[in-house]
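J.: Sending over protein24.txt (compact mmCIF, C-alpha atoms and all ligand atoms).
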# COMPACT_ATOMS: atom_id res chain seq x y z
CA MET V 1 -17.95 -50.64 -1.17
CA LYS V 2 -19.34 -50.39 -4.68
CA VAL V 3 -17.24 -48.72 -7.34
CA SER V 4 -19.80 -45.97 -7.94
CA ARG V 5 -19.73 -45.17 -4.20
CA LEU V 6 -15.96 -45.02 -4.28
CA ILE V 7 -16.03 -42.60 -7.16
CA ILE V 8 -18.48 -40.32 -5.34
CA THR V 9 -16.41 -40.36 -2.16
CA GLY V 10 -13.33 -39.60 -4.18
CA THR V 11 -15.06 -36.73 -5.91
CA VAL V 12 -16.17 -35.26 -2.59
CA ALA V 13 -12.65 -35.56 -1.22
CA LEU V 14 -11.29 -33.81 -4.29
CA ALA V 15 -13.90 -31.07 -4.01
CA VAL V 16 -13.01 -30.47 -0.36
CA ALA V 17 -9.32 -30.36 -1.19
CA GLY V 18 -10.13 -27.91 -3.98
CA ALA V 19 -12.09 -25.68 -1.61
CA LEU V 20 -9.24 -25.69 0.90
CA ASN V 21 -6.79 -24.76 -1.83
CA ALA V 22 -9.00 -21.81 -2.68
CA MET V 23 -8.46 -20.39 0.80
CA PRO V 24 -5.32 -18.35 0.41
CA ALA V 25 -4.90 -17.41 4.04
CA ALA V 26 -5.03 -20.98 5.25
CA ALA V 27 -3.17 -22.54 2.38
CA ASP V 28 0.14 -20.75 2.38
CA ASN V 29 2.72 -20.47 5.07
CA VAL V 30 3.09 -16.73 5.06
CA ARG V 31 2.32 -15.25 8.49
CA PRO V 32 -0.90 -13.17 8.50
CA ALA V 33 1.03 -9.99 9.28
CA GLU V 34 2.96 -10.44 6.04
CA GLN V 35 -0.09 -11.17 3.90
CA SER V 36 -1.93 -8.50 1.94
CA LEU V 37 -5.20 -7.05 3.12
CA ARG V 38 -6.92 -8.19 -0.05
CA GLY V 39 -5.57 -11.71 0.32
CA LEU V 40 -6.74 -11.93 3.91
CA ALA V 41 -10.19 -10.54 3.09
CA GLN V 42 -10.76 -12.93 0.22
CA ARG V 43 -11.60 -15.87 2.47
CA HIS V 44 -14.62 -13.90 3.73
CA GLY V 45 -15.65 -12.81 0.25
CA LEU V 46 -15.13 -9.30 1.59
CA GLN V 47 -13.84 -6.57 -0.69
CA ILE V 48 -11.35 -4.34 1.05
CA GLY V 49 -10.92 -0.90 -0.42
CA THR V 50 -9.42 2.53 -0.32
CA ALA V 51 -10.21 5.98 -1.61
CA VAL V 52 -7.66 6.91 -4.27
CA ASP V 53 -6.10 10.33 -4.73
CA MET V 54 -5.31 10.50 -8.45
CA ALA V 55 -2.48 13.01 -8.01
CA ALA V 56 -0.73 10.70 -5.57
CA LEU V 57 -1.36 7.72 -7.83
CA ALA V 58 0.39 9.51 -10.70
CA ASP V 59 3.28 10.85 -8.63
CA THR V 60 6.44 9.04 -9.78
CA ALA V 61 8.32 10.46 -6.80
CA ASP V 62 5.95 8.53 -4.51
CA PRO V 63 5.89 5.01 -6.02
CA GLN V 64 4.85 3.41 -2.75
CA TYR V 65 1.41 4.95 -2.99
CA ARG V 66 0.59 3.26 -6.27
CA ALA V 67 2.18 -0.01 -5.24
CA THR V 68 0.17 -0.15 -2.03
CA VAL V 69 -3.15 0.61 -3.72
CA ALA V 70 -2.47 -2.22 -6.17
CA SER V 71 -1.19 -4.81 -3.75
CA GLN V 72 -3.38 -4.30 -0.67
CA PHE V 73 -6.85 -3.48 -1.95
CA SER V 74 -9.50 -5.30 -3.97
CA THR V 75 -11.80 -2.31 -4.50
CA VAL V 76 -11.12 1.39 -5.08
CA THR V 77 -13.13 4.60 -4.77
CA ALA V 78 -12.29 7.89 -6.46
CA GLU V 79 -11.57 10.31 -3.64
CA ASN V 80 -12.59 13.26 -5.83
CA VAL V 81 -12.54 12.60 -9.57
CA MET V 82 -16.11 11.30 -9.90
CA LYS V 83 -17.55 14.34 -8.14
CA TRP V 84 -19.62 16.75 -10.22
CA GLU V 85 -17.15 19.68 -10.09
CA VAL V 86 -14.45 17.45 -11.56
CA LEU V 87 -16.62 15.59 -14.08
CA GLU V 88 -18.41 18.64 -15.50
CA PRO V 89 -16.40 21.80 -14.68
CA THR V 90 -18.05 23.66 -17.57
CA ARG V 91 -21.68 23.09 -18.39
CA GLY V 92 -22.03 20.38 -21.02
CA THR V 93 -18.30 19.57 -21.15
CA TYR V 94 -17.37 16.36 -19.43
CA ASN V 95 -13.90 15.61 -18.13
CA TRP V 96 -13.87 11.84 -17.93
CA ALA V 97 -10.13 11.28 -18.18
CA PRO V 98 -9.10 11.16 -14.49
CA ALA V 99 -11.95 8.81 -13.55
CA ASP V 100 -11.32 6.64 -16.61
CA GLU V 101 -7.70 6.39 -15.52
CA LEU V 102 -8.75 5.04 -12.16
CA ILE V 103 -11.03 2.49 -13.82
CA ALA V 104 -8.20 1.34 -16.09
CA PHE V 105 -5.91 1.03 -13.06
CA ALA V 106 -8.56 -1.01 -11.25
CA GLN V 107 -9.04 -3.32 -14.23
CA ARG V 108 -5.30 -3.92 -14.49
CA ASN V 109 -5.20 -4.82 -10.82
CA ARG V 110 -8.39 -6.90 -10.75
CA GLN V 111 -10.18 -4.44 -8.49
CA SER V 112 -13.83 -3.47 -8.39
CA VAL V 113 -14.83 0.18 -8.28
CA ARG V 114 -17.20 2.02 -5.95
CA GLY V 115 -18.65 5.02 -7.77
CA HIS V 116 -18.62 8.13 -5.60
CA VAL V 117 -20.77 10.19 -5.92
CA LEU V 118 -23.86 11.07 -8.00
CA VAL V 119 -25.80 13.50 -5.76
CA TRP V 120 -24.16 15.53 -3.02
CA HIS V 121 -24.37 19.14 -1.88
CA ASN V 122 -20.58 19.59 -1.86
CA GLN V 123 -18.06 19.89 -4.68
CA LEU V 124 -20.69 21.04 -7.16
CA PRO V 125 -19.46 23.04 -10.17
CA GLY V 126 -19.57 26.83 -9.90
CA TRP V 127 -21.77 27.19 -13.00
CA LEU V 128 -24.47 25.15 -11.26
CA THR V 129 -24.49 26.79 -7.84
CA ALA V 130 -24.04 30.29 -9.31
CA GLY V 131 -26.81 29.70 -11.85
CA VAL V 132 -29.20 28.62 -9.12
CA ALA V 133 -28.18 31.52 -6.87
CA ASP V 134 -28.70 34.20 -9.54
CA GLY V 135 -31.97 32.67 -10.72
CA SER V 136 -30.78 31.84 -14.23
CA ILE V 137 -31.35 28.15 -13.40
CA SER V 138 -34.90 27.57 -12.11
CA ASP V 139 -35.77 24.70 -9.78
CA THR V 140 -37.61 22.99 -12.63
CA GLU V 141 -34.51 23.19 -14.80
CA LEU V 142 -32.33 22.07 -11.88
CA ARG V 143 -34.26 18.81 -11.65
CA VAL V 144 -33.69 18.17 -15.36
CA ILE V 145 -29.98 19.00 -14.95
CA LEU V 146 -29.73 16.49 -12.11
CA ARG V 147 -31.52 13.79 -14.12
CA ASP V 148 -29.25 14.38 -17.11
CA HIS V 149 -26.12 14.36 -14.95
CA ILE V 150 -26.99 11.05 -13.30
CA THR V 151 -27.92 9.52 -16.63
CA ALA V 152 -24.75 10.69 -18.39
CA VAL V 153 -22.41 9.63 -15.59
CA VAL V 154 -23.97 6.25 -14.89
CA LYS V 155 -24.12 5.45 -18.62
CA HIS V 156 -20.51 6.47 -19.14
CA PHE V 157 -19.31 4.07 -16.44
CA LYS V 158 -21.92 1.39 -17.10
CA GLY V 159 -20.67 -2.11 -16.43
CA LYS V 160 -17.57 -0.81 -14.65
CA ILE V 161 -19.06 0.20 -11.31
CA TRP V 162 -19.89 -2.33 -8.60
CA GLN V 163 -21.57 0.02 -6.13
CA TRP V 164 -22.71 3.59 -6.73
CA ASP V 165 -23.09 6.11 -3.92
CA VAL V 166 -26.23 7.54 -5.49
CA VAL V 167 -27.11 10.00 -2.74
CA ASN V 168 -24.58 11.21 -0.17
CA GLU V 169 -25.16 12.95 3.18
CA ALA V 170 -28.76 14.04 2.61
CA VAL V 171 -29.60 14.07 6.32
CA SER V 172 -28.72 16.65 8.99
CA ASP V 173 -26.90 16.16 12.28
CA PRO V 174 -28.20 16.97 15.76
CA TRP V 175 -25.85 19.98 15.94
CA ASP V 176 -27.33 21.55 12.80
CA SER V 177 -30.04 24.16 12.88
CA PRO V 178 -32.86 23.39 13.39
CA PRO V 179 -31.73 20.53 15.67
CA ALA V 180 -34.57 18.15 14.70
CA ILE V 181 -33.09 15.77 12.10
CA HIS V 182 -34.18 16.81 8.62
CA TYR V 183 -33.29 16.58 4.94
CA LYS V 184 -30.52 19.13 4.56
CA GLY V 185 -28.58 20.94 1.89
CA PHE V 186 -28.77 22.29 -1.63
CA TRP V 187 -30.84 19.53 -3.24
CA ALA V 188 -33.54 19.26 -0.58
CA GLN V 189 -33.83 23.06 -0.45
CA HIS V 190 -34.48 23.33 -4.16
CA LEU V 191 -36.19 20.06 -5.08
CA GLY V 192 -37.69 18.77 -1.82
CA ASP V 193 -36.77 15.30 -0.54
CA GLY V 194 -38.37 13.62 -3.60
CA TYR V 195 -35.04 14.03 -5.40
CA ILE V 196 -33.73 11.04 -3.44
CA ALA V 197 -36.18 8.51 -4.91
CA ASP V 198 -35.79 10.17 -8.32
CA ALA V 199 -32.01 9.82 -8.18
CA PHE V 200 -32.20 6.08 -7.49
CA ARG V 201 -34.70 5.56 -10.31
CA TRP V 202 -32.61 7.54 -12.79
CA ALA V 203 -29.46 5.64 -11.79
CA ARG V 204 -31.22 2.29 -12.19
CA ALA V 205 -32.58 3.27 -15.59
CA ALA V 206 -29.00 3.94 -16.72
CA ASP V 207 -27.40 0.77 -15.28
CA ALA V 208 -29.44 -2.31 -14.42
CA LYS V 209 -26.61 -4.07 -12.62
CA ALA V 210 -24.76 -1.65 -10.36
CA LEU V 211 -25.65 -1.77 -6.67
CA LEU V 212 -27.21 1.53 -5.64
CA PHE V 213 -26.31 2.91 -2.21
CA TYR V 214 -27.37 5.68 0.12
CA ASN V 215 -24.18 6.85 1.88
CA ASP V 216 -23.79 8.87 5.08
CA TYR V 217 -21.69 9.47 8.23
CA ASN V 218 -22.66 9.13 11.87
CA ILE V 219 -24.97 6.22 11.14
CA GLU V 220 -22.74 3.51 12.61
CA VAL V 221 -25.09 2.91 15.56
CA PHE V 222 -28.63 3.74 16.59
CA GLY V 223 -29.28 6.30 19.34
CA SER V 224 -32.59 7.04 21.04
CA GLY V 225 -34.62 5.36 18.30
CA ASN V 226 -36.49 8.62 17.79
CA ALA V 227 -35.98 10.00 14.29
CA ALA V 228 -36.23 13.57 15.59
CA ASP V 229 -32.85 13.29 17.33
CA ASP V 230 -31.36 9.99 16.09
CA LYS V 231 -29.82 10.37 12.63
CA THR V 232 -29.45 6.61 12.15
CA GLN V 233 -33.14 6.10 12.91
CA PHE V 234 -34.04 8.87 10.46
CA VAL V 235 -31.95 7.22 7.74
CA TYR V 236 -33.40 3.82 8.63
CA GLU V 237 -36.97 5.09 8.24
CA MET V 238 -36.01 6.80 5.00
CA VAL V 239 -34.52 3.69 3.37
CA LYS V 240 -37.34 1.52 4.71
CA ARG V 241 -39.83 3.82 3.01
CA LEU V 242 -37.80 3.78 -0.20
CA ARG V 243 -37.81 -0.04 -0.20
CA GLU V 244 -41.52 -0.19 0.58
CA THR V 245 -42.37 2.13 -2.27
CA GLY V 246 -40.33 0.10 -4.75
CA VAL V 247 -37.44 2.53 -5.19
CA PRO V 248 -34.40 0.63 -6.52
CA ILE V 249 -32.05 1.07 -3.55
CA ASP V 250 -29.71 -1.85 -2.80
CA GLY V 251 -27.59 -0.73 0.10
CA VAL V 252 -26.63 1.67 2.85
CA GLY V 253 -23.06 2.88 3.09
CA SER V 254 -21.85 3.80 6.53
CA GLN V 255 -18.90 6.12 6.02
CA GLY V 256 -17.19 5.33 9.30
CA HIS V 257 -15.35 8.61 9.94
CA LEU V 258 -14.57 8.26 13.64
CA GLY V 259 -12.46 10.24 16.09
CA THR V 260 -10.71 8.89 19.16
CA GLN V 261 -11.82 11.88 21.24
CA TYR V 262 -15.42 10.67 21.09
CA GLY V 263 -17.06 7.90 23.09
CA ASN V 264 -17.15 5.58 20.10
CA TYR V 265 -18.89 2.24 20.06
CA ASP V 266 -18.52 -1.42 20.77
CA THR V 267 -18.80 -4.08 18.11
CA PHE V 268 -22.24 -5.26 19.20
CA GLN V 269 -23.81 -1.82 18.81
CA VAL V 270 -22.41 -1.55 15.30
CA SER V 271 -23.38 -5.07 14.25
CA ASP V 272 -26.91 -4.49 15.62
CA ALA V 273 -27.19 -1.40 13.43
CA LEU V 274 -25.97 -3.30 10.37
CA ARG V 275 -28.47 -6.05 11.07
CA ARG V 276 -31.38 -3.62 11.23
CA PHE V 277 -30.46 -2.30 7.80
CA THR V 278 -29.86 -5.72 6.28
CA ASP V 279 -33.16 -7.00 7.73
CA LEU V 280 -34.77 -4.58 5.28
CA GLY V 281 -33.23 -6.57 2.43
CA LEU V 282 -30.42 -4.08 1.93
CA ALA V 283 -26.70 -4.70 1.68
CA THR V 284 -24.33 -2.57 3.73
CA ALA V 285 -20.76 -1.42 3.38
CA PHE V 286 -18.28 0.67 5.30
CA THR V 287 -17.31 3.21 2.70
CA GLU V 288 -14.91 5.83 4.11
CA VAL V 289 -13.34 4.51 7.29
CA ASP V 290 -10.74 6.53 9.13
CA VAL V 291 -10.21 7.19 12.82
CA ARG V 292 -8.61 10.54 13.52
CA SER V 293 -7.14 12.06 16.69
CA GLN V 294 -6.43 15.51 17.97
CA MET V 295 -2.88 16.63 17.28
CA THR V 296 -2.09 18.21 20.62
CA ALA V 297 1.19 20.06 21.17
CA GLY V 298 2.49 16.88 22.83
CA VAL V 299 1.56 14.73 19.84
CA GLN V 300 3.19 17.17 17.47
CA ALA V 301 6.32 17.22 19.59
CA GLY V 302 6.50 13.44 19.37
CA ASP V 303 5.56 12.66 22.97
CA SER V 304 4.86 8.93 23.01
CA ASN V 305 2.72 9.26 26.16
CA GLU V 306 0.25 11.18 24.04
CA ILE V 307 0.75 9.40 20.73
CA ASN V 308 0.48 5.79 21.86
CA PRO V 309 -3.03 5.89 23.36
CA ARG V 310 -4.27 7.64 20.23
CA LEU V 311 -2.78 5.06 17.89
CA GLN V 312 -4.18 2.30 20.05
CA ALA V 313 -7.66 3.85 20.21
CA SER V 314 -7.64 4.42 16.47
CA ALA V 315 -6.68 0.79 15.89
CA GLY V 316 -9.42 -0.37 18.25
CA ASN V 317 -12.05 1.51 16.30
CA PHE V 318 -10.90 0.16 12.95
CA GLY V 319 -11.19 -3.29 14.51
CA ILE V 320 -14.70 -2.65 15.83
CA LEU V 321 -16.08 -1.51 12.49
CA LEU V 322 -14.41 -4.38 10.65
CA GLN V 323 -15.56 -6.99 13.15
CA ALA V 324 -19.14 -5.72 12.88
CA CYS V 325 -18.90 -5.86 9.11
CA LEU V 326 -17.51 -9.40 9.18
CA SER V 327 -20.34 -10.46 11.48
CA ASN V 328 -22.96 -9.58 8.87
CA ARG V 329 -22.98 -11.54 5.63
CA HIS V 330 -24.58 -8.63 3.80
CA CYS V 331 -21.76 -6.23 4.68
CA LEU V 332 -20.02 -6.44 1.32
CA SER V 333 -17.03 -4.15 1.54
CA PHE V 334 -14.79 -2.26 3.94
CA THR V 335 -13.23 0.82 2.38
CA VAL V 336 -10.79 3.18 4.11
CA TRP V 337 -10.68 6.87 3.17
CA GLY V 338 -6.99 6.86 2.33
CA PHE V 339 -4.51 4.40 3.80
CA THR V 340 -1.51 6.57 4.68
CA ASP V 341 -1.24 9.67 6.85
CA ARG V 342 0.82 11.09 3.99
CA HIS V 343 -2.35 11.41 1.88
CA SER V 344 -5.35 11.86 4.15
CA TRP V 345 -8.07 14.48 3.99
CA VAL V 346 -8.08 14.77 7.79
CA PRO V 347 -5.24 17.30 8.39
CA THR V 348 -6.64 19.67 5.75
CA TRP V 349 -10.26 19.38 6.90
CA PHE V 350 -9.98 19.23 10.66
CA THR V 351 -7.79 22.14 11.62
CA ASN V 352 -9.38 23.63 14.72
CA PRO V 353 -8.15 21.82 16.74
CA PRO V 354 -5.76 20.11 14.33
CA GLU V 355 -6.44 16.42 13.78
CA GLY V 356 -4.56 13.60 12.09
CA LEU V 357 -3.17 10.07 12.54
CA ALA V 358 -6.36 8.70 10.96
CA THR V 359 -5.17 5.92 8.67
CA LEU V 360 -3.53 2.47 8.59
CA TYR V 361 0.03 3.48 7.63
CA ASP V 362 2.07 6.44 8.84
CA GLU V 363 3.49 9.14 6.58
CA ALA V 364 6.47 6.94 5.71
CA TYR V 365 4.17 4.00 4.80
CA GLN V 366 5.11 2.18 7.97
CA PRO V 367 2.29 -0.04 9.29
CA LYS V 368 0.51 1.36 12.32
CA ARG V 369 -1.27 -0.55 15.09
CA ALA V 370 -4.47 -0.15 13.10
CA LEU V 371 -3.10 -2.15 10.17
CA GLY V 372 -2.14 -4.96 12.53
CA ILE V 373 -5.60 -5.08 14.07
CA VAL V 374 -7.30 -5.09 10.69
CA LYS V 375 -5.10 -7.92 9.41
CA ALA V 376 -5.49 -9.95 12.60
CA GLU V 377 -9.25 -9.51 12.49
CA LEU V 378 -9.36 -10.77 8.91
CA ALA V 379 -7.01 -13.65 9.65
CA PHE V 380 -8.37 -14.90 12.97
CA SER V 381 -12.11 -14.78 12.36
CA GLY V 382 -14.28 -17.41 10.77
CA ALA V 383 -17.10 -19.85 11.33
CA PRO V 384 -19.45 -20.08 13.10
CA TYR V 385 -19.93 -16.35 13.56
CA VAL V 386 -18.09 -15.04 10.53
CA LEU V 387 -19.25 -16.55 7.23
CA PRO V 388 -18.66 -15.60 3.59
CA ARG V 389 -20.55 -12.66 2.12
CA ILE V 390 -23.89 -13.14 0.36
CA PRO V 391 -23.91 -11.23 -2.95
CA GLN V 392 -26.66 -8.63 -3.30
CA LYS V 393 -29.02 -8.79 -6.27
CA PRO V 394 -29.65 -5.37 -7.79
CA ARG V 395 -33.26 -4.34 -7.33
CA ARG V 396 -35.15 -3.53 -10.51
C1 LIG V 401 -13.33 14.60 0.79
C2 LIG V 401 -11.99 14.38 0.10
O1 LIG V 401 -11.28 13.40 0.82
C3 LIG V 401 -11.19 15.67 0.03
O2 LIG V 401 -10.01 15.49 -0.73
C4 LIG V 401 -12.06 16.75 -0.59
O3 LIG V 401 -11.35 17.97 -0.57
C5 LIG V 401 -13.37 16.89 0.15
O4 LIG V 401 -14.04 15.65 0.17
N1 LIG V 401 -17.47 12.48 2.94
C6 LIG V 401 -17.45 12.13 1.62
C7 LIG V 401 -16.21 12.33 0.82
O5 LIG V 401 -18.44 11.56 1.13
O6 LIG V 401 -16.49 12.59 -0.53
C8 LIG V 401 -15.34 13.40 1.40
O7 LIG V 401 -14.10 13.43 0.67
C9 LIG V 401 -15.10 13.16 2.88
C10 LIG V 401 -16.42 13.17 3.62
Using the file provided, produce a representation of the structure as structure tokens.
T.:
Amino acid sequence: MKVSRLIITGTVALAVAGALNAMPAAADNVRPAEQSLRGLAQRHGLQIGTAVDMAALADTADPQYRATVASQFSTVTAENVMKWEVLEPTRGTYNWAPADELIAFAQRNRQSVRGHVLVWHNQLPGWLTAGVADGSISDTELRVILRDHITAVVKHFKGKIWQWDVVNEAVSDPWDSPPAIHYKGFWAQHLGDGYIADAFRWARAADAKALLFYNDYNIEVFGSGNAADDKTQFVYEMVKRLRETGVPIDGVGSQGHLGTQYGNYDTFQVSDALRRFTDLGLATAFTEVDVRSQMTAGVQAGDSNEINPRLQASAGNFGILLQACLSNRHCLSFTVWGFTDRHSWVPTWFTNPPEGLATLYDEAYQPKRALGIVKAELAFSGAPYVLPRIPQKPRR
């Protein structure tokens, strides 16, 4: 063999060895159950995230919260502090500090940040909703206020946000009135559905590099395929139209709030849905995953006959969403909406009947079945069906 050939072969061997070394899960001897979520996800190029409650993060009496956010996750989302009511409680006066604190935390821990949320009908400041209600803010002025809000917020965080949830939950559910799926809520009522395209354009004008997402729940799978009764189809047609008309939308976020009392899905249904969205040239992400259960009297009394099947079903659903995400190279991140039952929005929001048990760790930060399934899924999946993520290029 010629010397030059030898050198090339040697270089290839070195490169392969280098690549293997870069695979943390395969390279060290720590059992998958003992590895961190972020370490296990890295091999897939998948960002694994959580919503962060800033009060819990600051609570020195609860150090485990902060430690877990830092050690287990590679991306974070503000559970509340980037919402309009927190950012601009008084008209014209911005309260950036809590969100800036999260960004600083993320930078210290080498985490990316999902920005949540620019346009939503909930958690709006009182001055805005009251002004619109009493007529002192006209619809024309409202549109300008929205444009200025998006511009100010996106500019403030420019360069620090990986994905923005630009528009959140703009589409109705089949149980709403009227039942035909439609654009719902405050913004559509006052501005018509054109605010959606506007919001993406304004966000893009303020940050050329962030990935811009539409985010919603109950869009994990397709139903009848008829947009009049199938929310996923309605959202699909909406984002397809946005792409076709050149609106700078880069992704669809599927929140992934599931409940074990429902029929739920299998992995193939979910991966089919992701594929339909990514075939449009969009990225996807699971943005707010949790799988809650009804807290029956038996559950509350600690009856394991009632608790165990719920924990198992919850774990199964986490696994299904994650597996579907892993199966699609354009599914960029998997974010849970809180990681411990100690700090979860579920018990405060779902009270009739009471629900809970929705996250990966119990109230004492002990791992639940769901955490085991998620780790195993990350550890024991790979080629040929699970391949590294393909980064999304922001659309101009
Ligand atoms: C929830 C928060 O978790 C709660 O703390 C808050 O009181 C209400 O909002 N969909 C979303 C999230 O997009 O912003 C919501 O977060 C949960 C549902």
J.: Sorted by chain and rising residue number, list the residues of chain V at most 7 Å from ligand LIG 401 (chain V) (counting only C-alpha atoms and all ligand atoms), each with its closest atom pair and distance in Å to one decimal, as JSON lines.
T.:
{"residue": "V:Glu79", "atom": "CA", "partner": "V:LIG401", "partner_atom": "O1", "distance": 5.4}
{"residue": "V:Asn80", "atom": "CA", "partner": "V:LIG401", "partner_atom": "C2", "distance": 6.1}
{"residue": "V:Asn168", "atom": "CA", "partner": "V:LIG401", "partner_atom": "O5", "distance": 6.3}
{"residue": "V:Trp337", "atom": "CA", "partner": "V:LIG401", "partner_atom": "O1", "distance": 7.0}
{"residue": "V:Ser344", "atom": "CA", "partner": "V:LIG401", "partner_atom": "O1", "distance": 7.0}
{"residue": "V:Trp345", "atom": "CA", "partner": "V:LIG401", "partner_atom": "O1", "distance": 4.6}
J.: Just to confirm, what's the straight-line distance from atom CA of Tyr214 of chain V to atom CA of Leu326 of chain V in Å (one decimal)?
T.: 20.2 Å
J.: For a cutoff of 9 Å around the file-coordinate point (-32.0, 6.6, 5.3), which residues qualify once you count all atoms listed in the file? I'd like the result as a PyMOL selection string.
T.: chain V and resi 170-171+214-216+231-242+252
J.: Could you list, as a list in words, every residue within 8 Å of Ala203 of chain V, counting only C-alpha atoms and ignoring same-chain residues fewer than 2 positions away?
T.: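 Here the qualifying residues turn out to be Ile150, Thr151, Val154, Val166, Ala199, Phe200, Arg201, Ala205, Ala206, Asp207 and Leu212 of chain V.
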J.: Looking at all atoms listed in the file, which of V:Tyr94, V:Phe277, V:Phe73, V:Trp164 is the one that sits closest to Phe334 of chain V?
T.: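 With all atoms listed in the file as the atom set, the closest residue is V:Phe73.
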